[in-house]
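Novice: File name start01.pdb; file contents PDB, C-alpha atoms; full text below.
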ATOM      1  CA  MET R   1      20.729   8.827 -52.413
ATOM      2  CA  VAL R   2      19.741   9.250 -48.785
ATOM      3  CA  LYS R   3      21.002  12.403 -47.140
ATOM      4  CA  PRO R   4      22.921  11.633 -43.926
ATOM      5  CA  VAL R   5      21.481  12.890 -40.656
ATOM      6  CA  PHE R   6      23.945  14.922 -38.631
ATOM      7  CA  ARG R   7      23.443  14.840 -34.890
ATOM      8  CA  ARG R   8      24.575  18.149 -33.474
ATOM      9  CA  LYS R   9      22.583  18.431 -30.261
ATOM     10  CA  SER R  10      23.176  16.459 -27.099
ATOM     11  CA  ILE R  11      21.208  15.660 -23.979
ATOM     12  CA  GLY R  12      22.933  14.829 -20.722
ATOM     13  CA  THR R  13      21.963  13.848 -17.211
ATOM     14  CA  LYS R  14      23.599  12.625 -14.037
ATOM     15  CA  VAL R  15      22.769   9.319 -12.392
ATOM     16  CA  SER R  16      24.009   7.501  -9.335
ATOM     17  CA  GLU R  17      26.352   4.500  -9.557
ATOM     18  CA  GLU R  18      23.436   2.188  -8.805
ATOM     19  CA  GLU R  19      21.214   3.819 -11.444
ATOM     20  CA  TYR R  20      24.012   3.612 -14.004
ATOM     21  CA  ALA R  21      24.506  -0.092 -13.292
ATOM     22  CA  ARG R  22      20.784  -0.718 -13.751
ATOM     23  CA  LEU R  23      20.736   1.251 -17.006
ATOM     24  CA  GLU R  24      23.808  -0.588 -18.228
ATOM     25  CA  ALA R  25      22.072  -3.906 -17.559
ATOM     26  CA  LEU R  26      19.032  -2.770 -19.526
ATOM     27  CA  ALA R  27      21.244  -1.694 -22.420
ATOM     28  CA  GLY R  28      22.290  -5.333 -22.727
ATOM     29  CA  GLY R  29      25.865  -4.732 -23.870
ATOM     30  CA  ARG R  30      24.989  -2.036 -26.407
ATOM     31  CA  ALA R  31      26.751   1.302 -26.300
ATOM     32  CA  MET R  32      25.031   3.387 -23.649
ATOM     33  CA  SER R  33      24.651   6.428 -25.933
ATOM     34  CA  GLU R  34      23.021   4.407 -28.713
ATOM     35  CA  TRP R  35      20.709   2.611 -26.310
ATOM     36  CA  VAL R  36      19.669   5.860 -24.594
ATOM     37  CA  ARG R  37      18.967   7.482 -27.981
ATOM     38  CA  GLU R  38      16.838   4.496 -29.004
ATOM     39  CA  VAL R  39      14.841   4.598 -25.758
ATOM     40  CA  LEU R  40      14.281   8.362 -25.917
ATOM     41  CA  LEU R  41      13.202   8.348 -29.549
ATOM     42  CA  ARG R  42      10.921   5.367 -28.997
ATOM     43  CA  GLU R  43       9.310   7.246 -26.123
ATOM     44  CA  LEU R  44       9.023  10.369 -28.266
ATOM     45  CA  ASP R  45       7.314   8.458 -31.068
ATOM     46  CA  GLY R  46       5.113   6.592 -28.617
ATOM     47  CA  LYS R  47       4.638   3.845 -31.191
ATOM     48  CA  GLN R  48       6.432   0.915 -29.639
ATOM     49  CA  ALA R  49       5.172  -0.776 -26.520
ATOM     50  CA  ARG R  50       7.528  -1.511 -23.693
ATOM     51  CA  PRO R  51       8.295  -5.181 -23.021
ATOM     52  CA  ALA R  52       6.303  -5.063 -19.775
ATOM     53  CA  GLU R  53       3.267  -3.689 -21.621
ATOM     54  CA  GLU R  54       3.549  -6.406 -24.248
ATOM     55  CA  THR R  55       3.754  -9.064 -21.538
ATOM     56  CA  VAL R  56       0.740  -7.729 -19.628
ATOM     57  CA  LEU R  57      -1.339  -7.478 -22.805
ATOM     58  CA  ALA R  58      -0.350 -11.025 -23.809
ATOM     59  CA  GLU R  59      -1.379 -12.379 -20.407
ATOM     60  CA  VAL R  60      -4.688 -10.475 -20.417
ATOM     61  CA  LEU R  61      -5.504 -11.759 -23.900
ATOM     62  CA  ALA R  62      -4.661 -15.332 -22.873
ATOM     63  CA  LEU R  63      -6.818 -15.061 -19.757
ATOM     64  CA  ARG R  64      -9.662 -13.616 -21.835
ATOM     65  CA  THR R  65      -9.410 -16.510 -24.287
ATOM     66  CA  ILE R  66      -9.448 -19.100 -21.507
ATOM     67  CA  LEU R  67     -12.393 -17.512 -19.705
ATOM     68  CA  LEU R  68     -14.484 -17.000 -22.828
ATOM     69  CA  ASN R  69     -13.972 -20.610 -23.904
ATOM     70  CA  ALA R  70     -14.789 -21.921 -20.440
ATOM     71  CA  PHE R  71     -17.823 -19.666 -19.933
ATOM     72  CA  TYR R  72     -19.189 -20.538 -23.347
ATOM     73  CA  ARG R  73     -18.998 -24.250 -22.589
ATOM     74  CA  LEU R  74     -20.614 -23.751 -19.178
ATOM     75  CA  ALA R  75     -23.338 -21.485 -20.620
ATOM     76  CA  GLU R  76     -24.220 -24.253 -23.069
ATOM     77  CA  GLY R  77     -24.767 -26.523 -20.082
ATOM     78  CA  GLU R  78     -21.736 -28.663 -20.818
ATOM     79  CA  LYS R  79     -19.332 -29.938 -18.221
ATOM     80  CA  LEU R  80     -15.720 -28.848 -18.420
ATOM     81  CA  THR R  81     -13.060 -31.405 -17.587
ATOM     82  CA  ALA R  82      -9.613 -30.561 -16.252
ATOM     83  CA  GLU R  83      -8.127 -31.842 -19.519
ATOM     84  CA  GLU R  84     -10.342 -29.556 -21.593
ATOM     85  CA  LEU R  85      -9.470 -26.571 -19.424
ATOM     86  CA  GLN R  86      -5.782 -27.408 -19.792
ATOM     87  CA  SER R  87      -6.212 -27.504 -23.574
ATOM     88  CA  PHE R  88      -7.759 -23.992 -23.443
ATOM     89  CA  ILE R  89      -4.756 -22.834 -21.420
ATOM     90  CA  ASP R  90      -2.257 -24.454 -23.779
ATOM     91  CA  ARG R  91      -3.904 -22.916 -26.870
ATOM     92  CA  ALA R  92      -4.091 -19.472 -25.251
ATOM     93  CA  ASP R  93      -0.450 -19.630 -24.156
ATOM     94  CA  ALA R  94       0.677 -20.713 -27.619
ATOM     95  CA  SER R  95      -0.845 -17.689 -29.346
ATOM     96  CA  LYS R  96      -0.809 -14.934 -26.718
ATOM     97  CA  VAL R  97       2.432 -13.233 -27.799
ATOM     98  CA  GLN R  98       1.411 -13.162 -31.464
ATOM     99  CA  LYS R  99      -2.059 -11.835 -30.605
ATOM    100  CA  ALA R 100      -0.601  -9.101 -28.390
ATOM    101  CA  ALA R 101       1.787  -8.042 -31.158
ATOM    102  CA  GLU R 102      -1.094  -7.905 -33.642
ATOM    103  CA  ARG R 103      -3.190  -5.774 -31.271
ATOM    104  CA  LEU R 104      -0.327  -3.398 -30.622
ATOM    105  CA  LYS R 105       0.331  -2.952 -34.355
ATOM    106  CA  ALA R 106      -3.360  -2.459 -35.134
ATOM    107  CA  LYS R 107      -3.841   0.346 -32.600
ATOM    108  CA  PRO R 108      -0.602   2.283 -32.112
ATOM    109  CA  GLY R 109      -0.485   4.448 -29.027
ATOM    110  CA  SER R 110      -3.419   2.749 -27.317
TER     111      SER R 110
END
Can you present the structure in this file as structure tokens?

Specialist:
Amino acid sequence: MVKPVFRRKSIGTKVSEEEYARLEALAGGRAMSEWVREVLLRELDGKQARPAEETVLAEVLALRTILLNAFYRLAEGEKLTAEELQSFIDRADASKVQKAAERLKAKPGS
């Protein structure tokens, strides 16, 4: 049987009305206390990337994929049509989120 965790310590802070409204929007309808605890503990663990970090990594990986495919074709002396370039973009976009998630899981904290 799992022993229950008792939370006996609290952390408090003051925010402006505008800051509270912004935080409430980020909480997405969840109880503010639960959401704040989740955010603080995630930050403490440092293991989970923020959504913005995931998005940036996904876009960088997609751009890398597109450029490497295009440069390889050009280095081989082949011409690259607009349709072929669009297919590189489509393939990179289709897999960028999955690739970013895999990278983030493989190297936590980096």

Novice: Box for stretch 74-85 of chain R: with edges along x, y and z, all listed atoms inside and 4 Å added on each side, what are the centre and edge lengths in Å to one decimal, as AutoDock Vina command-line options?

Specialist:
--center_x -16.4 --center_y -26.7 --center_z -19.7 --size_x 24.6 --size_y 18.4 --size_z 14.8

Novice: Check which residues satisfy the PyMOL selection byres ((chain R and resi 49-65) around 7) in the file shown, then give them as an MDAnalysis selection string.

Specialist: chainID R and resid 47:48 66:69 92:93 96:97 100

Novice: I'd like to know which of R:Ala70, R:Ala101, R:Ile11, R:Val5 is closest to R:Arg37, using only C-alpha atoms.

Specialist: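 Nearest to R:Arg37: R:Ile11.
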
Novice: One decimal, in Å: what's the spacing between atom CA of R:Thr13 and atom CA of R:Val36?

Specialist: 11.1 Å

Novice: Can you pull out the residues contacting R:Met32? Cut-off 10 Å, using all atoms listed in the file, and skip same-chain residues under 6 positions away; I want them as a VMD selection string.

Specialist: chain R and resid 20 23 to 26 38
